[in-house]
file final.cif (mmCIF, C-alpha atoms)
data_query
loop_
_atom_site.label_atom_id
_atom_site.label_comp_id
_atom_site.auth_asym_id
_atom_site.auth_seq_id
_atom_site.Cartn_x
_atom_site.Cartn_y
_atom_site.Cartn_z
CA MET N 731 37.91 -33.52 87.82
CA THR N 732 34.44 -34.81 88.69
CA GLN N 733 33.41 -32.03 91.07
CA GLY N 734 32.52 -28.38 90.59
CA HIS N 735 29.69 -26.56 88.86
CA VAL N 736 29.30 -27.09 85.10
CA VAL N 737 27.10 -24.53 83.36
CA ILE N 738 25.92 -25.45 79.86
CA VAL N 739 24.67 -22.58 77.69
CA GLY N 740 22.05 -23.96 75.34
CA ALA N 741 19.30 -26.49 76.10
CA GLY N 742 19.06 -28.03 72.65
CA LEU N 743 20.23 -31.52 71.71
CA ALA N 744 23.95 -30.73 72.16
CA GLY N 745 23.53 -29.10 75.56
CA ALA N 746 21.08 -31.64 76.96
CA THR N 747 23.15 -34.58 75.74
CA THR N 748 26.29 -33.05 77.26
CA ALA N 749 24.55 -32.88 80.64
CA LEU N 750 23.49 -36.51 80.27
CA ALA N 751 26.99 -37.64 79.22
CA LEU N 752 28.53 -35.90 82.24
CA ARG N 753 26.22 -37.69 84.64
CA GLU N 754 26.70 -41.03 82.89
CA GLY N 755 30.47 -40.51 83.02
CA GLY N 756 30.45 -39.93 86.76
CA TRP N 757 30.36 -36.16 87.19
CA ARG N 758 29.27 -35.60 90.79
CA GLY N 759 29.19 -31.81 90.91
CA ARG N 760 26.38 -29.44 89.98
CA VAL N 761 25.15 -29.33 86.39
CA THR N 762 23.03 -26.40 85.18
CA LEU N 763 21.45 -26.37 81.73
CA LEU N 764 20.57 -22.85 80.57
CA GLY N 765 18.03 -22.43 77.76
CA ALA N 766 16.66 -19.26 76.16
CA GLU N 767 13.38 -20.98 75.22
CA PRO N 768 10.74 -21.70 77.89
CA HIS N 769 10.29 -25.29 76.69
CA ARG N 770 11.98 -28.36 78.11
CA PRO N 771 14.76 -29.62 75.80
CA TYR N 772 13.28 -31.04 72.61
CA ASP N 773 14.29 -32.52 69.27
CA ARG N 774 14.17 -30.29 66.18
CA PRO N 775 13.80 -32.64 63.14
CA PRO N 776 10.01 -33.08 63.61
CA LEU N 777 9.49 -29.30 63.41
CA SER N 778 9.56 -29.20 59.60
CA LYS N 779 7.70 -32.48 59.24
CA GLU N 780 5.19 -33.91 61.73
CA LEU N 781 4.66 -30.84 63.92
CA LEU N 782 4.15 -28.55 60.96
CA LEU N 783 1.38 -30.84 59.71
CA GLY N 784 -0.20 -31.25 63.13
CA ARG N 785 0.74 -34.92 63.38
CA PRO N 786 1.64 -36.49 66.72
CA ALA N 787 5.40 -36.52 67.24
CA PRO N 788 7.50 -36.98 70.38
CA LEU N 789 9.47 -33.76 70.79
CA ASP N 790 10.76 -33.69 74.36
CA LEU N 791 14.10 -35.46 74.76
CA ALA N 792 13.84 -38.70 76.73
CA ILE N 793 16.09 -37.51 79.55
CA ASP N 794 14.95 -37.50 83.17
CA PHE N 795 16.69 -34.31 84.25
CA GLU N 796 15.23 -34.37 87.74
CA ALA N 797 16.37 -37.93 88.44
CA LEU N 798 19.85 -37.04 87.16
CA ASP N 799 19.98 -33.91 89.35
CA ILE N 800 20.42 -31.63 86.34
CA THR N 801 19.06 -28.14 86.96
CA LEU N 802 17.02 -26.71 84.10
CA SER N 803 17.16 -22.92 83.91
CA LEU N 804 14.76 -22.16 81.06
CA GLY N 805 13.63 -18.90 79.51
CA ARG N 806 16.99 -17.42 80.45
CA THR N 807 19.44 -15.91 77.96
CA ALA N 808 23.21 -15.60 78.25
CA THR N 809 24.30 -12.00 77.65
CA ARG N 810 28.02 -11.80 78.50
CA LEU N 811 30.92 -13.96 79.60
CA ASP N 812 33.59 -12.89 82.05
CA ALA N 813 36.00 -15.80 81.62
CA GLY N 814 38.60 -14.34 83.95
CA GLU N 815 36.16 -14.35 86.85
CA ARG N 816 34.43 -17.55 85.65
CA ARG N 817 31.12 -15.74 85.62
CA LEU N 818 28.29 -15.98 83.11
CA GLU N 819 25.97 -13.00 82.93
CA THR N 820 22.35 -13.59 81.91
CA ASP N 821 19.16 -11.58 81.62
CA ALA N 822 18.16 -13.05 84.99
CA GLY N 823 21.39 -12.46 86.87
CA GLU N 824 24.87 -13.93 87.15
CA LEU N 825 25.88 -17.58 87.20
CA PRO N 826 29.32 -18.54 88.54
CA TYR N 827 30.85 -21.69 87.07
CA ASP N 828 33.85 -23.97 87.39
CA ALA N 829 33.50 -25.19 83.80
CA LEU N 830 31.42 -23.70 80.99
CA VAL N 831 30.14 -25.55 77.92
CA LEU N 832 28.97 -23.41 75.01
CA ALA N 833 26.16 -25.26 73.25
CA CYS N 834 24.31 -22.12 72.17
CA GLY N 835 23.50 -23.39 68.70
CA ALA N 836 22.74 -21.27 65.67
CA ARG N 837 20.14 -18.69 64.74
CA ALA N 838 18.30 -18.50 61.44
CA LEU N 839 19.39 -15.72 59.08
CA ARG N 840 16.76 -13.11 58.29
CA LEU N 841 16.12 -11.08 55.16
CA PRO N 842 17.19 -7.50 55.87
CA GLY N 843 14.25 -5.24 56.60
CA THR N 844 11.81 -8.04 57.47
CA GLU N 845 12.39 -8.23 61.22
CA ASP N 846 9.13 -6.45 62.09
CA LEU N 847 6.89 -8.05 59.47
CA GLU N 848 4.33 -10.37 61.07
CA GLN N 849 3.91 -12.61 58.03
CA VAL N 850 7.62 -13.41 57.65
CA TRP N 851 8.96 -16.38 59.60
CA SER N 852 11.94 -18.67 59.93
CA LEU N 853 11.67 -22.26 61.15
CA ARG N 854 14.16 -22.85 63.93
CA THR N 855 12.12 -23.34 67.10
CA ARG N 856 9.03 -25.06 68.39
CA ASP N 857 7.25 -21.72 68.55
CA ASP N 858 8.15 -21.01 64.90
CA ALA N 859 6.44 -24.24 63.82
CA GLU N 860 3.38 -23.50 65.95
CA ARG N 861 3.04 -20.03 64.37
CA LEU N 862 3.36 -21.36 60.83
CA ARG N 863 1.01 -24.31 61.26
CA PRO N 864 -2.27 -22.34 61.12
CA VAL N 865 -1.25 -21.04 57.68
CA LEU N 866 -0.94 -24.61 56.45
CA ASP N 867 -4.17 -25.61 58.17
CA ALA N 868 -5.97 -22.82 56.32
CA GLY N 869 -4.40 -23.70 52.97
CA GLY N 870 -2.75 -20.27 52.71
CA ALA N 871 -0.37 -19.30 49.92
CA LEU N 872 3.24 -19.77 51.02
CA VAL N 873 6.35 -18.23 49.52
CA ILE N 874 9.58 -19.88 50.64
CA VAL N 875 12.79 -17.91 50.22
CA GLY N 876 15.65 -20.37 49.81
CA ALA N 877 15.61 -23.80 48.14
CA GLY N 878 17.83 -25.39 50.75
CA TRP N 879 17.13 -28.37 53.00
CA ILE N 880 14.56 -26.59 55.17
CA GLY N 881 12.94 -24.90 52.19
CA ALA N 882 12.38 -28.21 50.42
CA GLU N 883 11.06 -29.93 53.55
CA VAL N 884 8.56 -27.17 54.27
CA ALA N 885 7.52 -27.00 50.60
CA GLY N 886 6.70 -30.71 50.71
CA ALA N 887 4.76 -30.36 53.96
CA ALA N 888 2.85 -27.32 52.67
CA ARG N 889 1.90 -29.05 49.44
CA ALA N 890 0.74 -32.09 51.41
CA ALA N 891 -1.53 -29.68 53.32
CA GLY N 892 -2.91 -28.32 50.03
CA CYS N 893 -1.19 -24.93 50.12
CA PRO N 894 -0.10 -23.06 46.98
CA VAL N 895 3.70 -22.96 47.26
CA THR N 896 6.34 -20.93 45.44
CA VAL N 897 10.01 -21.44 46.27
CA VAL N 898 12.45 -18.72 45.18
CA GLU N 899 16.20 -19.21 45.20
CA ALA N 900 18.91 -16.65 44.45
CA GLY N 901 21.27 -19.39 43.24
CA ASP N 902 20.86 -21.08 39.90
CA HIS N 903 19.77 -24.45 41.32
CA PRO N 904 18.27 -25.99 44.46
CA LEU N 905 20.66 -26.58 47.37
CA ALA N 906 23.07 -24.20 45.67
CA GLY N 907 25.17 -23.82 48.81
CA ALA N 908 25.46 -27.54 49.47
CA LEU N 909 25.56 -29.54 46.23
CA PRO N 910 26.62 -29.03 42.60
CA ALA N 911 23.98 -28.34 39.96
CA GLU N 912 24.35 -31.74 38.25
CA VAL N 913 23.39 -33.51 41.50
CA THR N 914 20.40 -31.29 42.22
CA ALA N 915 19.06 -31.29 38.63
CA PRO N 916 16.76 -34.30 39.30
CA MET N 917 15.30 -32.48 42.30
CA ARG N 918 13.67 -29.86 40.10
CA ARG N 919 11.29 -32.58 38.95
CA TRP N 920 10.34 -33.33 42.56
CA TYR N 921 9.05 -29.78 43.01
CA ALA N 922 7.02 -29.95 39.79
CA GLU N 923 5.55 -33.37 40.62
CA ALA N 924 4.44 -32.07 44.01
CA GLY N 925 2.83 -29.01 42.46
CA ALA N 926 5.30 -26.53 43.98
CA GLU N 927 6.65 -23.78 41.76
CA LEU N 928 10.45 -23.43 41.87
CA ARG N 929 12.09 -20.23 40.66
CA THR N 930 15.90 -20.24 40.68
CA GLY N 931 18.25 -17.36 39.92
CA ARG N 932 15.65 -15.01 41.43
CA PRO N 933 16.97 -12.93 44.35
CA VAL N 934 14.37 -11.28 46.56
CA THR N 935 14.53 -7.48 46.44
CA GLY N 936 11.68 -6.61 48.76
CA VAL N 937 9.10 -8.06 51.13
CA ARG N 938 5.92 -6.28 52.18
CA ASP N 939 2.85 -7.54 54.02
CA GLY N 940 1.38 -10.10 51.65
CA GLU N 941 3.92 -9.62 48.86
CA VAL N 942 7.40 -10.75 47.82
CA GLU N 943 9.17 -8.84 45.05
CA LEU N 944 11.89 -10.50 42.95
CA ALA N 945 14.81 -8.99 41.08
CA ASP N 946 13.07 -9.52 37.72
CA GLY N 947 10.14 -7.39 38.88
CA THR N 948 7.78 -10.27 39.64
CA VAL N 949 5.54 -9.74 42.66
CA LEU N 950 4.30 -12.87 44.43
CA ARG N 951 1.27 -12.85 46.72
CA ALA N 952 1.77 -14.63 50.03
CA ASP N 953 -0.24 -15.32 53.15
CA ALA N 954 3.08 -16.21 54.78
CA VAL N 955 6.75 -15.99 53.84
CA LEU N 956 9.20 -18.55 55.19
CA VAL N 957 12.86 -17.57 55.04
CA GLY N 958 15.27 -20.48 54.85
CA ILE N 959 18.56 -18.94 53.74
CA GLY N 960 20.87 -20.52 56.29
CA SER N 961 22.01 -19.99 59.84
CA ARG N 962 24.87 -18.52 61.82
CA ALA N 963 26.34 -19.53 65.17
CA ASP N 964 24.52 -17.69 67.96
CA THR N 965 27.67 -16.25 69.50
CA ASP N 966 27.46 -12.47 69.20
CA TRP N 967 27.13 -12.25 72.99
CA LEU N 968 30.67 -13.66 73.35
CA ALA N 969 32.27 -10.50 71.91
CA GLY N 970 35.08 -9.31 74.16
CA SER N 971 35.14 -12.53 76.20
CA GLY N 972 38.42 -13.81 74.80
CA VAL N 973 36.72 -16.92 73.38
CA PRO N 974 38.13 -17.35 69.83
CA LEU N 975 35.59 -17.03 67.02
CA ASP N 976 35.90 -17.92 63.34
CA PRO N 977 34.78 -15.38 60.71
CA ASP N 978 31.43 -17.18 60.47
CA GLY N 979 30.88 -16.71 64.21
CA SER N 980 31.65 -20.31 65.19
CA VAL N 981 33.55 -20.88 68.42
CA ARG N 982 37.01 -22.09 67.45
CA ALA N 983 37.56 -25.31 69.41
CA ASP N 984 40.30 -27.91 69.28
CA ALA N 985 39.89 -31.67 68.75
CA ARG N 986 38.91 -32.04 72.43
CA LEU N 987 36.33 -29.28 71.90
CA ALA N 988 38.22 -26.99 74.28
CA THR N 989 38.38 -23.32 73.30
CA GLY N 990 41.79 -22.44 74.75
CA VAL N 991 40.11 -20.22 77.33
CA PRO N 992 40.51 -22.03 80.66
CA ASP N 993 37.60 -24.37 81.40
CA VAL N 994 35.49 -23.19 78.46
CA TYR N 995 34.34 -25.73 75.85
CA ALA N 996 32.10 -25.67 72.79
CA VAL N 997 29.91 -28.27 71.11
CA GLY N 998 27.23 -28.60 68.43
CA ASP N 999 26.12 -25.99 65.91
CA CYS N 1000 28.06 -23.15 67.54
CA ALA N 1001 31.46 -24.88 67.36
CA SER N 1002 34.09 -25.50 64.69
CA TYR N 1003 36.77 -28.14 65.10
CA PRO N 1004 39.85 -29.35 63.17
CA SER N 1005 39.16 -32.47 61.12
CA ALA N 1006 42.24 -34.58 60.47
CA ARG N 1007 39.99 -36.85 58.40
CA PHE N 1008 39.10 -34.11 55.91
CA GLY N 1009 42.16 -31.91 56.34
CA ARG N 1010 40.36 -28.72 57.32
CA ARG N 1011 38.30 -27.07 60.03
CA LEU N 1012 34.61 -27.96 59.99
CA ALA N 1013 31.50 -26.30 61.39
CA VAL N 1014 28.65 -28.80 61.11
CA HIS N 1015 25.09 -27.58 61.72
CA HIS N 1016 23.39 -30.96 61.84
CA TRP N 1017 21.66 -33.26 64.33
CA ASP N 1018 24.27 -36.01 64.34
CA ASN N 1019 27.12 -33.65 65.21
CA ALA N 1020 25.10 -32.34 68.17
CA LEU N 1021 24.56 -35.92 69.32
CA VAL N 1022 28.14 -37.24 69.16
CA GLY N 1023 30.08 -34.13 70.24
CA PRO N 1024 28.83 -34.21 73.85
CA ARG N 1025 30.68 -37.48 74.46
CA THR N 1026 33.94 -35.71 73.63
CA VAL N 1027 33.17 -32.72 75.87
CA ALA N 1028 32.19 -34.97 78.77
CA ALA N 1029 35.32 -37.10 78.39
CA THR N 1030 37.51 -33.99 78.28
CA LEU N 1031 35.92 -32.59 81.44
CA LEU N 1032 36.32 -35.96 83.16
CA GLY N 1033 40.01 -36.07 82.29
CA GLU N 1034 39.71 -38.93 79.83
CA PRO N 1035 41.29 -39.21 76.35
CA ALA N 1036 38.98 -37.56 73.83
CA GLY N 1037 38.87 -36.40 70.23
CA HIS N 1038 36.08 -35.19 67.96
CA ASP N 1039 36.42 -36.04 64.25
CA PRO N 1040 33.27 -37.89 63.14
CA VAL N 1041 32.22 -38.48 59.55
CA PRO N 1042 29.58 -35.73 59.07
CA TYR N 1043 26.10 -37.09 58.47
CA PHE N 1044 22.58 -35.74 58.08
CA TRP N 1045 19.26 -36.60 56.49
CA SER N 1046 16.31 -34.82 54.95
CA THR N 1047 12.81 -35.77 53.82
CA GLN N 1048 11.80 -34.11 50.57
CA PHE N 1049 8.57 -34.71 48.68
CA GLY N 1050 8.21 -38.26 49.99
CA ARG N 1051 11.86 -39.16 49.47
CA HIS N 1052 14.42 -39.89 52.15
CA LEU N 1053 17.79 -38.23 51.47
CA GLN N 1054 20.92 -39.03 53.46
CA PHE N 1055 24.32 -37.42 53.11
CA VAL N 1056 27.59 -38.55 54.64
CA GLY N 1057 31.12 -37.13 54.36
CA ARG N 1058 32.38 -33.83 53.03
CA PRO N 1059 33.41 -33.49 49.35
CA ASP N 1060 35.94 -31.01 47.97
CA ALA N 1061 35.58 -29.15 44.68
CA GLY N 1062 38.18 -31.36 42.98
CA ASP N 1063 36.60 -34.67 43.96
CA ARG N 1064 35.23 -36.89 41.20
CA LEU N 1065 31.47 -37.47 41.06
CA ARG N 1066 30.29 -41.00 40.26
CA TRP N 1067 26.68 -42.23 40.04
CA ARG N 1068 25.07 -45.40 41.39
CA GLY N 1069 21.90 -45.57 39.38
CA ASP N 1070 20.43 -43.05 36.93
CA PRO N 1071 18.50 -40.16 38.54
CA ALA N 1072 16.68 -39.55 35.27
CA SER N 1073 15.04 -42.98 35.28
CA ASP N 1074 15.61 -44.69 38.63
CA ALA N 1075 13.46 -44.05 41.69
CA THR N 1076 16.45 -44.66 43.95
CA TRP N 1077 20.05 -43.60 43.36
CA SER N 1078 23.25 -42.46 45.00
CA ALA N 1079 25.87 -39.87 44.12
CA CYS N 1080 29.41 -40.73 45.25
CA TRP N 1081 32.45 -38.47 45.46
CA THR N 1082 35.96 -39.93 45.36
CA ARG N 1083 39.52 -38.67 45.65
CA ASP N 1084 42.44 -40.97 44.86
CA ASP N 1085 39.88 -43.80 44.64
CA ARG N 1086 38.72 -43.22 48.20
CA LEU N 1087 35.18 -42.18 49.07
CA THR N 1088 34.88 -38.67 50.49
CA ALA N 1089 31.08 -38.28 50.43
CA VAL N 1090 27.88 -40.02 49.38
CA LEU N 1091 24.35 -38.68 48.87
CA THR N 1092 21.64 -41.34 48.79
CA VAL N 1093 18.01 -41.10 47.70
CA ASP N 1094 15.97 -43.92 49.25
CA ARG N 1095 19.04 -46.18 49.42
CA PRO N 1096 19.69 -46.52 53.17
CA ARG N 1097 21.98 -49.52 52.73
CA ASP N 1098 24.32 -47.47 50.53
CA LEU N 1099 24.45 -44.83 53.23
CA ALA N 1100 25.30 -47.22 56.07
CA GLN N 1101 28.04 -48.90 54.06
CA ALA N 1102 29.44 -45.60 52.77
CA ARG N 1103 29.71 -44.29 56.30
CA ARG N 1104 31.96 -47.19 57.24
CA LEU N 1105 34.06 -46.94 54.07
CA ILE N 1106 34.66 -43.21 54.56
CA GLY N 1107 35.44 -43.73 58.23
CA ARG N 1108 38.03 -46.39 57.40
CA GLY N 1109 39.50 -44.43 54.47
CA VAL N 1110 39.91 -47.56 52.37
CA PRO N 1111 40.35 -47.44 48.55
CA VAL N 1112 37.45 -48.58 46.39
CA ASP N 1113 37.11 -50.14 42.95
CA PRO N 1114 35.48 -47.48 40.72
CA ASP N 1115 33.80 -50.04 38.45
CA ARG N 1116 32.15 -51.83 41.34
CA LEU N 1117 31.33 -48.54 43.03
CA VAL N 1118 29.07 -47.38 40.20
CA ASP N 1119 27.14 -50.66 39.85
CA PRO N 1120 23.92 -50.19 41.89
CA ASP N 1121 23.36 -53.97 41.97
CA ILE N 1122 26.64 -54.58 43.85
CA PRO N 1123 26.62 -53.75 47.57
CA LEU N 1124 28.67 -50.64 48.16
CA LYS N 1125 30.82 -52.42 50.75
CA ALA N 1126 31.88 -54.91 48.06
CA ALA N 1127 33.63 -52.06 46.22
CA ALA N 1128 36.32 -51.91 48.94
CA ARG N 1129 39.70 -53.15 47.72
#
call {"tool": "encode", "arguments": {"input": "final.cif", "output": "structure tokens"}}
result
Amino acid sequence: MTQGHVVIVGAGLAGATTALALREGGWRGRVTLLGAEPHRPYDRPPLSKELLLGRPAPLDLAIDFEALDITLSLGRTATRLDAGERRLETDAGELPYDALVLACGARALRLPGTEDLEQVWSLRTRDDAERLRPVLDAGGALVIVGAGWIGAEVAGAARAAGCPVTVVEAGDHPLAGALPAEVTAPMRRWYAEAGAELRTGRPVTGVRDGEVELADGTVLRADAVLVGIGSRADTDWLAGSGVPLDPDGSVRADARLATGVPDVYAVGDCASYPSARFGRRLAVHHWDNALVGPRTVAATLLGEPAGHDPVPYFWSTQFGRHLQFVGRPDAGDRLRWRGDPASDATWSACWTRDDRLTAVLTVDRPRDLAQARRLIGRGVPVDPDRLVDPDIPLKAAAR
């Protein structure tokens, strides 16, 4: 099928790239891209880096929607799906479709009871970054709730702007939901070297205008509070539609990114998919997944063979260091080090199972990352002794 009206819910990277992939693949019917924000589709990684510091950064995606005859319907929110009638309801009226792609992304989690507090923000959108930037420009005191990827990035940006920064984390170490404590132990030093105070094992019990109260009774003064405690698929509006949802709210798609509901597909942050590579269902809330998934959706809609099972990948910039992570480790995987985090400026942490790489975290070692990505993708066994030698190229560890 190359005709008919495709409606894409979500004008972020996944939605915009799906529209582009359809046109490049030969879709001749109508394509409508629906976005809740008023802005043209833009890239999110600069939000916690260049934009937050007021530095020039290209945000708008380099896609000529007009030339491709892709209709942008911005500032419009999906409210309900009637899949039986192939009708999408929005706050600006109904949209009939022949095929529907759910690329509605994820929303930042909020601290309960803080929804109406003006000084409490998340960092998910362009407008979020624009609201937070004047605090950094003024050198205001910032309390960051959550020592995850976003929390660390914003802490680094705020310290570079000269702001007093305190990061509080309910878990007992940074990135508690993503990495084991032994891997994140060196990162504590990064906070201290940057002049940011890190308090772990300190749940937040209350937030008032200008104050954050911790479980140990400490009260922190704040000109602004940034909450970075994770995100959840933005799919509540799909309740009752028949579209299958996982317990975490992700749309349950198959390897072709089809939902099982006729002519309804899902891609990007809002979707989960079965990974034969890792032996379980994955929901990946990262830029790379939103970039590669649209090719699968477009191929499926165009009637071509398709399957989505990439090696998960993302990156982060923390306190002047470039971190990259590829793969997906399990709890039973063995951790091996390339380099010594206590003394080396650059190092990598590698996870293996049955002498095969399952994941690699690199700190300022981009070559390790590129080679690890290929090794994990191929599933080849590696020599453990060569793997841990930082002077041997990682690819040379393949047996």
call {"tool": "resolve_selection", "arguments": {"input": "final.cif", "expression": "the PyMOL selection byres ((chain N and resi 836) around 7)", "output": "VMD selection string"}}
result
chain N and resid 834 to 835 837 to 838 961 to 964 999 to 1000
call {"tool": "residues_near_point", "arguments": {"input": "final.cif", "point": "(20.9, -25.0, 78.9)", "cutoff": "9 Å", "atoms": "only C-alpha atoms", "output": "number ranges by chain"}}
result
N: 737-742, 745-746, 749, 762-766, 771, 801-804, 806, 833-834
call {"tool": "write_last_selection", "arguments": {"input": "final.cif", "atoms": "C-alpha atoms", "output": "short mmCIF file (atom, residue, chain, number, x, y, z; two decimals), keeping the file's coordinate frame"}}
result
data_model
loop_
_atom_site.label_atom_id
_atom_site.label_comp_id
_atom_site.auth_asym_id
_atom_site.auth_seq_id
_atom_site.Cartn_x
_atom_site.Cartn_y
_atom_site.Cartn_z
CA VAL N 737 27.10 -24.53 83.36
CA ILE N 738 25.92 -25.45 79.86
CA VAL N 739 24.67 -22.58 77.69
CA GLY N 740 22.05 -23.96 75.34
CA ALA N 741 19.30 -26.49 76.10
CA GLY N 742 19.06 -28.03 72.65
CA GLY N 745 23.53 -29.10 75.56
CA ALA N 746 21.08 -31.64 76.96
CA ALA N 749 24.55 -32.88 80.64
CA THR N 762 23.03 -26.40 85.18
CA LEU N 763 21.45 -26.37 81.73
CA LEU N 764 20.57 -22.85 80.57
CA GLY N 765 18.03 -22.43 77.76
CA ALA N 766 16.66 -19.26 76.16
CA PRO N 771 14.76 -29.62 75.80
CA THR N 801 19.06 -28.14 86.96
CA LEU N 802 17.02 -26.71 84.10
CA SER N 803 17.16 -22.92 83.91
CA LEU N 804 14.76 -22.16 81.06
CA ARG N 806 16.99 -17.42 80.45
CA ALA N 833 26.16 -25.26 73.25
CA CYS N 834 24.31 -22.12 72.17
#
call {"tool": "atom_distance", "arguments": {"input": "final.cif", "atom1": "atom CA of N:Arg1007", "atom2": "atom CA of N:Trp1077"}}
result
25.9 Å
call {"tool": "atom_distance", "arguments": {"input": "final.cif", "atom1": "atom CA of N:Pro974", "atom2": "atom CA of N:His1038"}}
result
18.1 Å
call {"tool": "residues_near_point", "arguments": {"input": "final.cif", "point": "(38.9, -26.8, 57.7)", "cutoff": "12 Å", "atoms": "all atoms listed in the file", "output": "CSV table (one decimal) with C-alpha atoms, in the coordinates of the input"}}
result
chain,number,residue,atom,x,y,z
N,976,ASP,CA,35.9,-17.9,63.3
N,982,ARG,CA,37.0,-22.1,67.4
N,983,ALA,CA,37.6,-25.3,69.4
N,984,ASP,CA,40.3,-27.9,69.3
N,1002,SER,CA,34.1,-25.5,64.7
N,1003,TYR,CA,36.8,-28.1,65.1
N,1004,PRO,CA,39.8,-29.4,63.2
N,1005,SER,CA,39.2,-32.5,61.1
N,1006,ALA,CA,42.2,-34.6,60.5
N,1007,ARG,CA,40.0,-36.8,58.4
N,1008,PHE,CA,39.1,-34.1,55.9
N,1009,GLY,CA,42.2,-31.9,56.3
N,1010,ARG,CA,40.4,-28.7,57.3
N,1011,ARG,CA,38.3,-27.1,60.0
N,1012,LEU,CA,34.6,-28.0,60.0
N,1013,ALA,CA,31.5,-26.3,61.4
N,1014,VAL,CA,28.6,-28.8,61.1
N,1039,ASP,CA,36.4,-36.0,64.2
N,1058,ARG,CA,32.4,-33.8,53.0
N,1060,ASP,CA,35.9,-31.0,48.0
call {"tool": "atom_distance", "arguments": {"input": "final.cif", "atom1": "atom CA of N:Gly1057", "atom2": "atom CA of N:Ile959"}}
result
22.1 Å
call {"tool": "resolve_selection", "arguments": {"input": "final.cif", "expression": "the PyMOL selection byres ((chain N and resi 930-937) around 10)", "output": "JSON, numbers by chain"}}
result
{"N": [841, 842, 843, 844, 847, 849, 850, 875, 876, 877, 897, 898, 899, 900, 901, 902, 903, 904, 906, 918, 927, 928, 929, 938, 939, 940, 941, 942, 943, 944, 945, 946, 947, 948, 949, 950, 952, 955]}
call {"tool": "write_last_selection", "arguments": {"input": "final.cif", "atoms": "C-alpha atoms", "output": "mmCIF file, in the coordinates of the input"}}
result
data_model
loop_
_atom_site.group_PDB
_atom_site.id
_atom_site.type_symbol
_atom_site.label_atom_id
_atom_site.label_comp_id
_atom_site.auth_asym_id
_atom_site.auth_seq_id
_atom_site.Cartn_x
_atom_site.Cartn_y
_atom_site.Cartn_z
ATOM 1 C CA LEU N 841 16.120 -11.080 55.160
ATOM 2 C CA PRO N 842 17.190 -7.500 55.870
ATOM 3 C CA GLY N 843 14.250 -5.240 56.600
ATOM 4 C CA THR N 844 11.810 -8.040 57.470
ATOM 5 C CA LEU N 847 6.890 -8.050 59.470
ATOM 6 C CA GLN N 849 3.910 -12.610 58.030
ATOM 7 C CA VAL N 850 7.620 -13.410 57.650
ATOM 8 C CA VAL N 875 12.790 -17.910 50.220
ATOM 9 C CA GLY N 876 15.650 -20.370 49.810
ATOM 10 C CA ALA N 877 15.610 -23.800 48.140
ATOM 11 C CA VAL N 897 10.010 -21.440 46.270
ATOM 12 C CA VAL N 898 12.450 -18.720 45.180
ATOM 13 C CA GLU N 899 16.200 -19.210 45.200
ATOM 14 C CA ALA N 900 18.910 -16.650 44.450
ATOM 15 C CA GLY N 901 21.270 -19.390 43.240
ATOM 16 C CA ASP N 902 20.860 -21.080 39.900
ATOM 17 C CA HIS N 903 19.770 -24.450 41.320
ATOM 18 C CA PRO N 904 18.270 -25.990 44.460
ATOM 19 C CA ALA N 906 23.070 -24.200 45.670
ATOM 20 C CA ARG N 918 13.670 -29.860 40.100
ATOM 21 C CA GLU N 927 6.650 -23.780 41.760
ATOM 22 C CA LEU N 928 10.450 -23.430 41.870
ATOM 23 C CA ARG N 929 12.090 -20.230 40.660
ATOM 24 C CA ARG N 938 5.920 -6.280 52.180
ATOM 25 C CA ASP N 939 2.850 -7.540 54.020
ATOM 26 C CA GLY N 940 1.380 -10.100 51.650
ATOM 27 C CA GLU N 941 3.920 -9.620 48.860
ATOM 28 C CA VAL N 942 7.400 -10.750 47.820
ATOM 29 C CA GLU N 943 9.170 -8.840 45.050
ATOM 30 C CA LEU N 944 11.890 -10.500 42.950
ATOM 31 C CA ALA N 945 14.810 -8.990 41.080
ATOM 32 C CA ASP N 946 13.070 -9.520 37.720
ATOM 33 C CA GLY N 947 10.140 -7.390 38.880
ATOM 34 C CA THR N 948 7.780 -10.270 39.640
ATOM 35 C CA VAL N 949 5.540 -9.740 42.660
ATOM 36 C CA LEU N 950 4.300 -12.870 44.430
ATOM 37 C CA ALA N 952 1.770 -14.630 50.030
ATOM 38 C CA VAL N 955 6.750 -15.990 53.840
#
